[in-house]
Amino acid sequence: MDIVVNIELAGTLKEILSEQKTEITCLTITGQINAQDIRFIRDEMSNLKELDIENVVIVEYFGKNGTSVEEDLCYAADTIPKYAFSKCKILTFKLPKSILSIEDYAFKHCGINRGYNEFGHYSFIIPNSVIDIGKEAFCNSTNFWKLEIPASVKSIGEGAFIGCYNVYVEKDSPYFICNPDTDWIF
């Protein structure tokens, strides 16, 4: 089942989709979401294969029902929070255009595919708005054909891409280092 939903009040996605949550395979969201909504997507939408949150604004949330196991955390606006899609089984994915940060462990152990390019390969494109990528953010997410890091990224946490293959860095990035044997490393 394909669903398109506009969320006017962040934190209400569970309320809106609770009866259909296991039937939805393709979800497009517009409007506002927070860490509660992301947790609902990750933990309760077991058959979701495609998620498009490209035109979503992630708003701040404070509480214990977010994506982390810790109690009462403040989840920042314009951020993919800690553990957001960790161990998630979504096949194709579009990130919000407005995010500034991808926090620690956000996509850790995804081991799944992230979106087809024109050749039918899987790719994951980090938006040009992102400036920070947290510790182990993509650790062991191994099925990317291509994972692109834009030049806007100024900070990459320890082990952010351990176990990942085909990570590409834009030439203008501070993490782009030429190496005559491999073309580039970072």
# chains A, B, ... in the order shown; residues from 1 in each chain; ligands from 1
>>> residues_around(residues="Val69 (chain A)", least_positions_apart="4", cutoff="9 Å", atoms="only C-alpha atoms", output="MDAnalysis selection string")
chainID A and resid 64:65 83
>>> write_last_selection(atoms="N, CA, C and O atoms", output="short mmCIF file (atom, residue, chain, number, x, y, z; two decimals), in the first residue's frame")
data_model
loop_
_atom_site.label_atom_id
_atom_site.label_comp_id
_atom_site.auth_asym_id
_atom_site.auth_seq_id
_atom_site.Cartn_x
_atom_site.Cartn_y
_atom_site.Cartn_z
N LYS A 64 11.05 11.04 26.33
CA LYS A 64 11.60 9.69 26.37
C LYS A 64 11.05 8.79 25.27
O LYS A 64 11.34 7.60 25.24
N ASN A 65 10.27 9.32 24.36
CA ASN A 65 9.68 8.51 23.29
C ASN A 65 10.33 8.75 21.94
O ASN A 65 9.72 8.54 20.90
N TYR A 83 20.33 6.82 16.43
CA TYR A 83 19.64 5.54 16.21
C TYR A 83 18.39 5.65 15.33
O TYR A 83 17.59 4.71 15.30
#
>>> residues_around(residues="region 89-99 of chain A", least_positions_apart="6", cutoff="7 Å", atoms="only C-alpha atoms", output="PyMOL selection string")
chain A and resi 48-57+78-79+110+112-115+127+129-130
>>> residues_around(residues="Tyr75 (chain A)", least_positions_apart="6", cutoff="10 Å", atoms="only C-alpha atoms", output="list in words")
Asn34, Ala35, Gln36, Ile58, Val59, Glu60, Tyr61, Phe62, Gly63, Gly66, Thr67, Ser68, Pro81, Lys82 and Glu103 of chain A
>>> write_last_selection(atoms="all heavy atoms", output="compact mmCIF listing (two decimals), in the first residue's frame")
# COMPACT_ATOMS: atom_id res chain seq x y z
N ASN A 34 9.03 14.62 14.12
CA ASN A 34 10.05 14.70 15.16
C ASN A 34 10.56 13.29 15.47
O ASN A 34 10.19 12.33 14.79
CB ASN A 34 9.53 15.43 16.41
CG ASN A 34 8.40 14.71 17.10
OD1 ASN A 34 8.20 13.50 16.96
ND2 ASN A 34 7.63 15.45 17.89
N ALA A 35 11.37 13.16 16.53
CA ALA A 35 11.97 11.88 16.88
C ALA A 35 10.93 10.81 17.22
O ALA A 35 11.17 9.62 17.02
CB ALA A 35 12.95 12.06 18.03
N GLN A 36 9.77 11.20 17.72
CA GLN A 36 8.70 10.24 18.00
C GLN A 36 8.21 9.60 16.70
O GLN A 36 7.99 8.39 16.63
CB GLN A 36 7.50 10.92 18.65
CG GLN A 36 7.73 11.40 20.06
CD GLN A 36 6.52 12.16 20.54
OE1 GLN A 36 6.22 13.25 20.05
NE2 GLN A 36 5.82 11.61 21.50
N ILE A 58 12.19 18.48 10.18
CA ILE A 58 12.29 17.78 11.46
C ILE A 58 12.37 18.84 12.55
O ILE A 58 13.25 19.70 12.54
CB ILE A 58 13.53 16.86 11.50
CG1 ILE A 58 13.40 15.78 10.42
CG2 ILE A 58 13.68 16.23 12.88
CD1 ILE A 58 14.60 14.87 10.30
N VAL A 59 11.42 18.77 13.49
CA VAL A 59 11.36 19.76 14.56
C VAL A 59 11.88 19.16 15.87
O VAL A 59 11.96 17.95 16.03
CB VAL A 59 9.92 20.32 14.75
CG1 VAL A 59 9.45 21.02 13.49
CG2 VAL A 59 8.94 19.22 15.16
N GLU A 60 12.23 20.04 16.79
CA GLU A 60 12.78 19.64 18.08
C GLU A 60 11.75 18.84 18.89
O GLU A 60 10.55 19.06 18.80
CB GLU A 60 13.18 20.89 18.86
CG GLU A 60 13.82 20.61 20.20
CD GLU A 60 14.21 21.89 20.91
OE1 GLU A 60 13.30 22.67 21.28
OE2 GLU A 60 15.42 22.09 21.11
N TYR A 61 12.28 17.90 19.66
CA TYR A 61 11.44 17.11 20.57
C TYR A 61 12.21 16.86 21.85
O TYR A 61 13.41 16.57 21.82
CB TYR A 61 11.06 15.77 19.92
CG TYR A 61 10.44 14.79 20.88
CD1 TYR A 61 9.15 14.99 21.37
CD2 TYR A 61 11.14 13.68 21.33
CE1 TYR A 61 8.58 14.11 22.28
CE2 TYR A 61 10.58 12.78 22.23
CZ TYR A 61 9.30 13.00 22.70
OH TYR A 61 8.73 12.12 23.60
N PHE A 62 11.55 16.97 22.99
CA PHE A 62 12.15 16.63 24.27
C PHE A 62 11.28 15.58 24.93
O PHE A 62 10.07 15.77 25.10
CB PHE A 62 12.28 17.84 25.18
CG PHE A 62 12.88 17.50 26.52
CD1 PHE A 62 14.25 17.35 26.66
CD2 PHE A 62 12.07 17.28 27.62
CE1 PHE A 62 14.81 17.00 27.88
CE2 PHE A 62 12.62 16.94 28.85
CZ PHE A 62 13.99 16.80 28.98
N GLY A 63 11.87 14.44 25.27
CA GLY A 63 11.10 13.41 25.94
C GLY A 63 11.76 12.06 25.85
O GLY A 63 12.87 11.91 25.35
N GLY A 66 11.59 9.19 21.96
CA GLY A 66 12.32 9.42 20.72
C GLY A 66 13.05 8.16 20.26
O GLY A 66 12.69 7.04 20.65
N THR A 67 14.07 8.33 19.47
CA THR A 67 14.76 7.20 18.83
C THR A 67 15.81 6.53 19.70
O THR A 67 16.27 5.44 19.38
CB THR A 67 15.42 7.65 17.53
OG1 THR A 67 16.33 8.72 17.82
CG2 THR A 67 14.39 8.12 16.52
N SER A 68 16.23 7.16 20.77
CA SER A 68 17.26 6.60 21.64
C SER A 68 16.63 5.85 22.80
O SER A 68 15.48 6.09 23.16
CB SER A 68 18.15 7.72 22.17
OG SER A 68 19.20 7.19 22.94
N PRO A 81 18.12 12.03 14.15
CA PRO A 81 18.59 11.76 15.51
C PRO A 81 19.34 10.43 15.67
O PRO A 81 19.30 9.56 14.80
CB PRO A 81 17.30 11.75 16.33
CG PRO A 81 16.22 11.43 15.37
CD PRO A 81 16.67 11.95 14.03
N LYS A 82 19.99 10.30 16.83
CA LYS A 82 20.69 9.07 17.21
C LYS A 82 19.77 7.87 16.99
O LYS A 82 18.60 7.91 17.35
CB LYS A 82 21.06 9.08 18.70
CG LYS A 82 22.29 9.83 19.04
CD LYS A 82 22.57 9.63 20.53
CE LYS A 82 23.86 10.29 20.91
NZ LYS A 82 24.16 10.07 22.33
N GLU A 103 23.10 12.34 13.27
CA GLU A 103 23.72 12.04 14.56
C GLU A 103 24.29 10.63 14.64
O GLU A 103 24.10 9.80 13.75
CB GLU A 103 22.72 12.29 15.69
CG GLU A 103 22.44 13.76 15.90
CD GLU A 103 21.68 14.06 17.17
OE1 GLU A 103 21.02 13.15 17.73
OE2 GLU A 103 21.75 15.22 17.61
>>> residues_around(residues="Ala137 (chain A)", least_positions_apart="6", cutoff="12 Å", atoms="only C-alpha atoms", output="PyMOL selection string")
chain A and resi 80-87+101-110+126+156-164
>>> select_by_dssp(residues="chain A", states="strand (DSSP E or B)", output="ChimeraX atom specification")
/A:2-7,26-33,50-58,61-63,73-75,79-80,92-94,101-102,116,122-125,132-133,146-149,155-156,167-169,177-179,183-185
>>> write_last_selection(atoms="C-alpha atoms", output="compact mmCIF listing (two decimals), in the first residue's frame")
# COMPACT_ATOMS: atom_id res chain seq x y z
CA ASP A 2 1.33 3.45 -0.98
CA ILE A 3 0.49 6.39 1.29
CA VAL A 4 1.13 10.13 1.03
CA VAL A 5 0.54 12.05 4.24
CA ASN A 6 1.01 15.65 5.35
CA ILE A 7 1.77 15.95 9.07
CA CYS A 26 5.69 3.05 0.38
CA LEU A 27 5.36 6.22 2.47
CA THR A 28 5.79 9.85 1.45
CA ILE A 29 5.58 12.42 4.23
CA THR A 30 5.40 16.21 4.02
CA GLY A 31 5.00 18.73 6.82
CA GLN A 32 6.67 18.32 10.20
CA ILE A 33 7.98 15.27 12.04
CA GLU A 50 10.26 3.04 0.53
CA LEU A 51 10.39 6.21 2.61
CA ASP A 52 10.39 9.71 1.16
CA ILE A 53 10.82 12.43 3.77
CA GLU A 54 12.61 14.80 1.39
CA ASN A 55 10.08 17.60 1.93
CA VAL A 56 9.76 17.22 5.69
CA VAL A 57 11.00 19.57 8.38
CA ILE A 58 12.29 17.78 11.46
CA TYR A 61 11.44 17.11 20.57
CA PHE A 62 12.15 16.63 24.27
CA GLY A 63 11.10 13.41 25.94
CA LEU A 73 16.54 13.54 25.69
CA CYS A 74 16.42 16.71 23.68
CA TYR A 75 16.31 15.89 19.96
CA THR A 79 18.69 16.59 12.57
CA ILE A 80 18.43 12.88 11.85
CA THR A 92 14.73 3.18 -0.77
CA PHE A 93 15.09 6.39 1.10
CA LYS A 94 15.09 10.17 0.56
CA SER A 101 23.21 16.92 10.99
CA ILE A 102 23.11 13.12 10.96
CA TYR A 116 18.11 3.14 -7.22
CA TYR A 122 21.57 1.40 -4.90
CA SER A 123 22.76 4.82 -3.81
CA PHE A 124 22.36 7.12 -0.85
CA ILE A 125 22.82 10.83 -1.28
CA ASP A 132 27.91 17.14 10.57
CA ILE A 133 27.90 13.34 10.43
CA LYS A 146 27.37 4.60 -3.82
CA LEU A 147 27.22 6.80 -0.74
CA GLU A 148 27.89 10.44 -1.54
CA ILE A 149 29.28 12.93 0.99
CA SER A 155 32.72 17.24 10.58
CA ILE A 156 32.69 13.43 10.41
CA VAL A 167 31.87 6.05 -0.19
CA TYR A 168 32.44 9.07 -2.44
CA VAL A 169 33.52 12.51 -1.29
CA ILE A 177 42.47 13.83 -0.17
CA CYS A 178 44.08 12.80 -3.44
CA ASN A 179 46.00 9.56 -3.58
CA ASP A 183 42.22 8.40 -6.76
CA TRP A 184 41.07 9.55 -3.32
CA ILE A 185 40.81 8.70 0.31
>>> select_by_dssp(residues="region 14-181 of chain A", states="alpha helix (DSSP H)", output="PyMOL selection string")
chain A and resi 14-17+35-44
>>> write_last_selection(atoms="C-alpha atoms", output="mmCIF file, in the first residue's frame")
data_model
loop_
_atom_site.group_PDB
_atom_site.id
_atom_site.type_symbol
_atom_site.label_atom_id
_atom_site.label_comp_id
_atom_site.auth_asym_id
_atom_site.auth_seq_id
_atom_site.Cartn_x
_atom_site.Cartn_y
_atom_site.Cartn_z
ATOM 1 C CA LYS A 14 1.497 7.032 14.925
ATOM 2 C CA GLU A 15 -1.996 8.356 15.586
ATOM 3 C CA ILE A 16 -2.641 8.956 11.897
ATOM 4 C CA LEU A 17 -1.272 5.656 10.545
ATOM 5 C CA ALA A 35 11.972 11.877 16.881
ATOM 6 C CA GLN A 36 8.697 10.237 17.999
ATOM 7 C CA ASP A 37 7.556 9.907 14.383
ATOM 8 C CA ILE A 38 10.922 8.517 13.294
ATOM 9 C CA ARG A 39 10.788 5.929 16.086
ATOM 10 C CA PHE A 40 7.308 4.876 14.936
ATOM 11 C CA ILE A 41 8.581 4.435 11.361
ATOM 12 C CA ARG A 42 11.621 2.433 12.499
ATOM 13 C CA ASP A 43 9.941 0.237 15.110
ATOM 14 C CA GLU A 44 6.367 -0.280 13.957
#
>>> atom_distance(atom1="CA of Glu8 (chain A)", atom2="CA of Ala76 (chain A)")
18.3 Å
